Amino acid sequence: MSASLPRHLLRHGARWKAPYATAPEEGGGRVHEETEDPLRSPFQRDRDRIVHCTAFRRLKHKTQVFIRPEGDHFRTRLTHSLEVAQVARSIARPLGLDEDLTETIALAHDLGHTPFGHAGERALCAALSEYGGFDHNLQSLRVVTRLERRYARYDGLNLSRASLEGLVKHNGPLKGKASALSPVVVELNEALDLDLENYAGAEAQIAAISDDIAYDAHDIDDGLRSGLLHSEDLVEVPLTARIIAELDRTFPALERSRFAAELTRRLITVMITDVLVETARRLEERGVASARAITQAGEPTVGFSENLAREEKELKGFLFSRLYRHQSVMRAAHAGEAIVTDLFKRLQSEPELLPEVWQVELDIADERRRARRAADYIAGMSDGFAVAEHRRLFDHTPDLG
């Protein structure tokens, strides 16, 4: 069913530190200098700051796939982030990497997500088309560097360079993109030198692929639970078809909830195992002996094998056409887009409607600044708060049901 792990990875949860791990003492410092904690590494502090920040708590009420679903079993953006972190640690530990840095990037990667999931992001991207657009990854950076206001000496969370670099580059280097870089990336790069031309460390690469693993698996689980997907549909996809065949042999006539859970669990196991085997192969083949060697490899070090990468791409295509574009999902998404678009137009044109704290230091005459401030405010909203604000400001609010 799955490849055998190299013997040196079979440590049953034991911790070890590989020479290619990012060392906490080489994390690169912070924009605002601080005395280090005697009990926690810089990456532990970063993780703790993420968990305690306001934006992280708000993820509890932000859409993953289903907008304001009936029932309490479907994933939210918060439970998704927690599942990404769990998958990421499961990969980082056997490889001897820094789990705290891996977890920090995994937990922080979606802090900038809008209400109503990607529907809200599409709406803000369109609304800001003349002002640099909107991207949830860049918004996550704005959250951790500017928008969180928890400390007396600075705005943001003042994360370490390694954590910020991982957030900036977890989807790959920014080669040849200097002219198109967001101001927040330019500012961070000037302060900390994020080495934008090269790949992020292995910990950030793990966070990125763990995001794929988590949402592939849990979106299938939620799709089955919702009744929008059926086991017969998933037999069309080679990756899930093999697992379903094994389940049918071992547990014939398994009830739907147990079937969904078993399929999800086994799919995650198959994908994690493949990443470990393939990454270990690349490390050995390239003779990687330092964290710097990973960043300068010119290609990803962490990844799926060629076969699984192809099958995972097929699975994504299946989910896009059969779940994400399902008429009931799209109906709610269109309503969410309309709510976000209405809120942006109103708040951008009438900034006096923003809460007082959001009006501080806002230059009313600067159209770009007004637009970005309105977007920052809206992006931080939970689904429910966005609906409540729309009802406060408009006579009619689109139905999300």
# chains A, B, ... in the order shown; residues from 1 in each chain; ligands from 1

$ residues_around --residues "Glu246 of chain A" --least-positions-apart "5" --cutoff "12 Å" --atoms "only C-alpha atoms" --output "PyMOL selection string"
chain A and resi 1+235+239-241+251-252+259+262-263+266-267

$ write_last_selection --atoms "C-alpha atoms" --output "PDB file, in the first residue's frame"
ATOM      1  CA  MET A   1       0.000   0.000   0.000  1.00  0.00           C
ATOM      2  CA  VAL A 235     -13.403   5.385  -7.102  1.00  0.00           C
ATOM      3  CA  LEU A 239      -5.244   7.625  -5.231  1.00  0.00           C
ATOM      4  CA  THR A 240      -8.500   7.187  -3.342  1.00  0.00           C
ATOM      5  CA  ALA A 241      -9.634   4.190  -5.398  1.00  0.00           C
ATOM      6  CA  PHE A 251     -14.513  -3.688   6.262  1.00  0.00           C
ATOM      7  CA  PRO A 252     -17.396  -4.428   3.872  1.00  0.00           C
ATOM      8  CA  PHE A 259     -15.862   5.046   6.103  1.00  0.00           C
ATOM      9  CA  GLU A 262     -10.944   5.619   7.721  1.00  0.00           C
ATOM     10  CA  LEU A 263     -10.474   6.943   4.195  1.00  0.00           C
ATOM     11  CA  ARG A 266      -5.375   6.278   5.455  1.00  0.00           C
ATOM     12  CA  LEU A 267      -5.027   8.951   2.787  1.00  0.00           C
TER      13      LEU A 267
END

$ select_by_dssp --residues "segment 149-366 of chain A" --states "helix (DSSP H, G or I)" --output "PyMOL selection string"
chain A and resi 161-169+178-180+183-192+202-226+231-234+238-250+256-286+291-295+306-324+327-349+351-353+356-359

$ closest_residue --among "A:Pro42, A:Pro183, A:Pro115, A:Gly227" --to "Gly336 of chain A" --atoms "only C-alpha atoms"
A:Pro115

$ residues_around --residues "Gly156 of chain A" --least-positions-apart "3" --cutoff "7 Å" --atoms "only C-alpha atoms" --output "PyMOL selection string"
chain A and resi 143-149

$ atom_distance --atom1 "atom CA of Leu95 of chain A" --atom2 "atom CA of Arg282 of chain A"
11.9 Å

$ residues_around --residues "Asp110 of chain A" --least-positions-apart "2" --cutoff "9 Å" --atoms "only C-alpha atoms" --output "number ranges by chain"
A: 56, 59, 77-78, 81, 106-108, 112-113, 136-137, 139-140

$ residues_around --residues "segment 206-223 of chain A" --least-positions-apart "5" --cutoff "8 Å" --atoms "only C-alpha atoms" --output "number ranges by chain"
A: 65, 74-75, 80, 83-85, 87-88, 91-92, 102-103, 105-106, 170-171, 228-230, 260-261, 263-265, 267-268, 271-272, 302-303, 315-316, 319, 323

$ write_last_selection --atoms "N, CA and C atoms" --output "JSON list (two decimals), in the first residue's frame"
[["chain", "number", "residue", "atom", "x", "y", "z"],
["A", 65, "VAL", "N", -14.42, 25.28, 3.53],
["A", 65, "VAL", "CA", -15.11, 25.00, 2.27],
["A", 65, "VAL", "C", -16.58, 25.40, 2.37],
["A", 74, "PHE", "N", -18.05, 20.14, 10.44],
["A", 74, "PHE", "CA", -17.25, 20.56, 9.30],
["A", 74, "PHE", "C", -16.07, 21.43, 9.72],
["A", 75, "ARG", "N", -15.03, 21.37, 8.92],
["A", 75, "ARG", "CA", -13.82, 22.14, 9.24],
["A", 75, "ARG", "C", -14.06, 23.63, 9.10],
["A", 80, "HIS", "N", -8.59, 23.65, 10.18],
["A", 80, "HIS", "CA", -7.68, 23.36, 9.07],
["A", 80, "HIS", "C", -6.25, 23.69, 9.47],
["A", 83, "GLU", "N", -4.85, 21.10, 11.75],
["A", 83, "GLU", "CA", -4.55, 19.84, 11.05],
["A", 83, "GLU", "C", -3.29, 19.97, 10.21],
["A", 84, "VAL", "N", -3.08, 21.14, 9.59],
["A", 84, "VAL", "CA", -1.84, 21.37, 8.84],
["A", 84, "VAL", "C", -0.65, 21.27, 9.79],
["A", 85, "ALA", "N", -0.77, 21.87, 10.96],
["A", 85, "ALA", "CA", 0.33, 21.83, 11.93],
["A", 85, "ALA", "C", 0.63, 20.40, 12.39],
["A", 87, "VAL", "N", 0.04, 17.56, 10.67],
["A", 87, "VAL", "CA", 0.69, 16.86, 9.56],
["A", 87, "VAL", "C", 2.14, 17.32, 9.45],
["A", 88, "ALA", "N", 2.36, 18.62, 9.56],
["A", 88, "ALA", "CA", 3.71, 19.16, 9.41],
["A", 88, "ALA", "C", 4.66, 18.61, 10.47],
["A", 91, "ILE", "N", 5.80, 15.11, 9.74],
["A", 91, "ILE", "CA", 6.85, 15.01, 8.73],
["A", 91, "ILE", "C", 8.18, 15.54, 9.26],
["A", 92, "ALA", "N", 8.13, 16.63, 10.00],
["A", 92, "ALA", "CA", 9.36, 17.28, 10.46],
["A", 92, "ALA", "C", 10.15, 16.42, 11.45],
["A", 102, "THR", "N", 8.53, 24.68, 12.06],
["A", 102, "THR", "CA", 7.56, 24.08, 11.13],
["A", 102, "THR", "C", 6.14, 24.39, 11.58],
["A", 103, "GLU", "N", 5.87, 24.22, 12.85],
["A", 103, "GLU", "CA", 4.54, 24.44, 13.38],
["A", 103, "GLU", "C", 4.15, 25.91, 13.31],
["A", 105, "ILE", "N", 5.03, 28.19, 11.11],
["A", 105, "ILE", "CA", 4.66, 28.55, 9.73],
["A", 105, "ILE", "C", 3.31, 27.92, 9.37],
["A", 106, "ALA", "N", 3.10, 26.68, 9.80],
["A", 106, "ALA", "CA", 1.84, 26.01, 9.51],
["A", 106, "ALA", "C", 0.66, 26.72, 10.17],
["A", 170, "HIS", "N", 7.17, 30.06, 1.52],
["A", 170, "HIS", "CA", 6.79, 28.65, 1.68],
["A", 170, "HIS", "C", 6.23, 28.06, 0.39],
["A", 171, "ASN", "N", 5.77, 28.91, -0.53],
["A", 171, "ASN", "CA", 5.32, 28.41, -1.83],
["A", 171, "ASN", "C", 6.37, 28.53, -2.91],
["A", 228, "LEU", "N", -22.31, 15.71, -0.54],
["A", 228, "LEU", "CA", -21.99, 16.24, -1.86],
["A", 228, "LEU", "C", -21.04, 15.30, -2.61],
["A", 229, "LEU", "N", -20.29, 14.48, -1.88],
["A", 229, "LEU", "CA", -19.44, 13.45, -2.47],
["A", 229, "LEU", "C", -19.92, 12.08, -2.01],
["A", 230, "HIS", "N", -19.66, 11.06, -2.82],
["A", 230, "HIS", "CA", -20.01, 9.68, -2.47],
["A", 230, "HIS", "C", -18.81, 8.79, -2.78],
["A", 260, "ALA", "N", -15.74, 7.48, 6.01],
["A", 260, "ALA", "CA", -15.09, 8.77, 5.75],
["A", 260, "ALA", "C", -13.85, 8.95, 6.62],
["A", 261, "ALA", "N", -13.98, 8.58, 7.89],
["A", 261, "ALA", "CA", -12.84, 8.75, 8.81],
["A", 261, "ALA", "C", -11.69, 7.82, 8.44],
["A", 263, "LEU", "N", -11.05, 6.50, 5.47],
["A", 263, "LEU", "CA", -10.47, 6.94, 4.20],
["A", 263, "LEU", "C", -9.56, 8.14, 4.42],
["A", 264, "THR", "N", -10.02, 9.09, 5.21],
["A", 264, "THR", "CA", -9.22, 10.29, 5.50],
["A", 264, "THR", "C", -7.91, 9.92, 6.19],
["A", 265, "ARG", "N", -8.03, 9.09, 7.22],
["A", 265, "ARG", "CA", -6.84, 8.70, 7.98],
["A", 265, "ARG", "C", -5.82, 7.99, 7.10],
["A", 267, "LEU", "N", -5.56, 8.06, 3.82],
["A", 267, "LEU", "CA", -5.03, 8.95, 2.79],
["A", 267, "LEU", "C", -3.90, 9.82, 3.35],
["A", 268, "ILE", "N", -4.11, 10.36, 4.54],
["A", 268, "ILE", "CA", -3.07, 11.17, 5.17],
["A", 268, "ILE", "C", -1.81, 10.34, 5.39],
["A", 271, "MET", "N", 0.09, 9.76, 2.11],
["A", 271, "MET", "CA", 0.73, 10.97, 1.61],
["A", 271, "MET", "C", 1.93, 11.39, 2.46],
["A", 272, "ILE", "N", 1.79, 11.30, 3.78],
["A", 272, "ILE", "CA", 2.91, 11.62, 4.67],
["A", 272, "ILE", "C", 4.07, 10.65, 4.41],
["A", 302, "VAL", "N", 11.67, 19.09, -0.26],
["A", 302, "VAL", "CA", 10.52, 18.38, 0.28],
["A", 302, "VAL", "C", 9.47, 18.22, -0.83],
["A", 303, "GLY", "N", 8.95, 17.01, -1.00],
["A", 303, "GLY", "CA", 7.94, 16.84, -2.03],
["A", 303, "GLY", "C", 7.42, 15.42, -2.14],
["A", 315, "LEU", "N", -6.39, 14.28, -7.96],
["A", 315, "LEU", "CA", -7.34, 14.40, -6.86],
["A", 315, "LEU", "C", -7.80, 15.85, -6.70],
["A", 316, "LYS", "N", -6.86, 16.79, -6.80],
["A", 316, "LYS", "CA", -7.23, 18.20, -6.71],
["A", 316, "LYS", "C", -8.22, 18.59, -7.81],
["A", 319, "LEU", "N", -11.64, 17.27, -6.87],
["A", 319, "LEU", "CA", -12.28, 18.06, -5.82],
["A", 319, "LEU", "C", -12.75, 19.41, -6.34],
["A", 323, "LEU", "N", -16.58, 19.18, -5.92],
["A", 323, "LEU", "CA", -16.91, 19.70, -4.59],
["A", 323, "LEU", "C", -16.88, 21.23, -4.56]]

$ atom_distance --atom1 "atom CA of Ser382 of chain A" --atom2 "atom CA of Lys62 of chain A"
5.2 Å

$ residues_around --residues "Thr341 of chain A" --least-positions-apart "6" --cutoff "9 Å" --atoms "only C-alpha atoms" --output "list in words"
Gly120, Ala123, Leu124, Ala126 and Ala127 of chain A

$ closest_residue --among "A:Leu138, A:Ala388, A:Ala253, A:Ala291" --to "Ala23 of chain A" --atoms "only C-alpha atoms"
A:Ala291

$ atom_distance --atom1 "atom CA of Thr279 of chain A" --atom2 "atom CA of Phe304 of chain A"
7.7 Å

$ residues_around --residues "Val329 of chain A" --least-positions-apart "4" --cutoff "9 Å" --atoms "only C-alpha atoms" --output "list in words"
Val65, Phe66, Ile67, Leu323, Tyr324, Arg325, Ala333 and His334 of chain A

$ closest_residue --among "A:Asn198, A:Phe318, A:Asp233, A:Ala371" --to "Gln296 of chain A" --atoms "only C-alpha atoms"
A:Asn198

$ decode --residues "segment 262-286 of chain A" --atoms "N, CA, C and O atoms" --output "compact mmCIF listing (two decimals), in the first residue's frame"
# COMPACT_ATOMS: atom_id res chain seq x y z
N GLU A 262 -12.00 6.56 8.10
CA GLU A 262 -10.94 5.62 7.72
C GLU A 262 -10.25 6.05 6.42
O GLU A 262 -9.03 5.97 6.29
N LEU A 263 -11.05 6.50 5.47
CA LEU A 263 -10.47 6.94 4.20
C LEU A 263 -9.56 8.14 4.42
O LEU A 263 -8.44 8.20 3.88
N THR A 264 -10.02 9.09 5.21
CA THR A 264 -9.22 10.29 5.50
C THR A 264 -7.91 9.92 6.19
O THR A 264 -6.83 10.38 5.81
N ARG A 265 -8.03 9.09 7.22
CA ARG A 265 -6.84 8.70 7.98
C ARG A 265 -5.82 7.99 7.10
O ARG A 265 -4.63 8.27 7.15
N ARG A 266 -6.29 7.05 6.30
CA ARG A 266 -5.38 6.28 5.45
C ARG A 266 -4.77 7.13 4.34
O ARG A 266 -3.62 6.94 3.98
N LEU A 267 -5.56 8.06 3.82
CA LEU A 267 -5.03 8.95 2.79
C LEU A 267 -3.90 9.82 3.35
O LEU A 267 -2.86 10.00 2.71
N ILE A 268 -4.11 10.36 4.54
CA ILE A 268 -3.07 11.17 5.17
C ILE A 268 -1.81 10.34 5.39
O ILE A 268 -0.68 10.79 5.13
N THR A 269 -1.98 9.10 5.86
CA THR A 269 -0.83 8.23 6.10
C THR A 269 -0.05 7.95 4.81
O THR A 269 1.18 8.02 4.78
N VAL A 270 -0.78 7.65 3.74
CA VAL A 270 -0.14 7.38 2.45
C VAL A 270 0.66 8.59 1.99
O VAL A 270 1.81 8.48 1.54
N MET A 271 0.09 9.76 2.11
CA MET A 271 0.73 10.97 1.61
C MET A 271 1.93 11.39 2.46
O MET A 271 2.98 11.77 1.94
N ILE A 272 1.79 11.30 3.78
CA ILE A 272 2.91 11.62 4.67
C ILE A 272 4.07 10.65 4.41
O ILE A 272 5.24 11.06 4.31
N THR A 273 3.76 9.38 4.32
CA THR A 273 4.80 8.37 4.09
C THR A 273 5.53 8.64 2.78
O THR A 273 6.77 8.55 2.71
N ASP A 274 4.79 8.98 1.75
CA ASP A 274 5.41 9.25 0.46
C ASP A 274 6.34 10.47 0.55
O ASP A 274 7.45 10.45 0.01
N VAL A 275 5.90 11.51 1.24
CA VAL A 275 6.75 12.71 1.39
C VAL A 275 8.04 12.35 2.15
O VAL A 275 9.13 12.79 1.77
N LEU A 276 7.92 11.57 3.20
CA LEU A 276 9.10 11.19 3.97
C LEU A 276 10.08 10.38 3.12
O LEU A 276 11.30 10.64 3.13
N VAL A 277 9.57 9.40 2.41
CA VAL A 277 10.44 8.55 1.59
C VAL A 277 11.10 9.37 0.48
O VAL A 277 12.31 9.28 0.25
N GLU A 278 10.31 10.19 -0.21
CA GLU A 278 10.86 10.97 -1.32
C GLU A 278 11.84 12.04 -0.83
O GLU A 278 12.90 12.26 -1.43
N THR A 279 11.51 12.70 0.27
CA THR A 279 12.41 13.74 0.80
C THR A 279 13.71 13.13 1.30
O THR A 279 14.79 13.67 1.06
N ALA A 280 13.61 12.00 1.97
CA ALA A 280 14.83 11.31 2.42
C ALA A 280 15.70 10.92 1.22
O ALA A 280 16.94 11.01 1.27
N ARG A 281 15.05 10.48 0.15
CA ARG A 281 15.80 10.12 -1.06
C ARG A 281 16.53 11.32 -1.64
O ARG A 281 17.71 11.24 -1.99
N ARG A 282 15.84 12.45 -1.71
CA ARG A 282 16.47 13.66 -2.25
C ARG A 282 17.62 14.14 -1.37
O ARG A 282 18.67 14.56 -1.87
N LEU A 283 17.43 14.08 -0.07
CA LEU A 283 18.49 14.50 0.84
C LEU A 283 19.74 13.65 0.67
O LEU A 283 20.86 14.16 0.63
N GLU A 284 19.54 12.34 0.57
CA GLU A 284 20.67 11.43 0.41
C GLU A 284 21.32 11.59 -0.95
O GLU A 284 22.56 11.65 -1.07
N GLU A 285 20.50 11.69 -1.99
CA GLU A 285 21.02 11.80 -3.36
C GLU A 285 21.84 13.07 -3.54
O GLU A 285 22.86 13.08 -4.22
N ARG A 286 21.42 14.15 -2.89
CA ARG A 286 22.11 15.43 -3.03
C ARG A 286 23.20 15.64 -1.98
O ARG A 286 23.92 16.63 -2.02
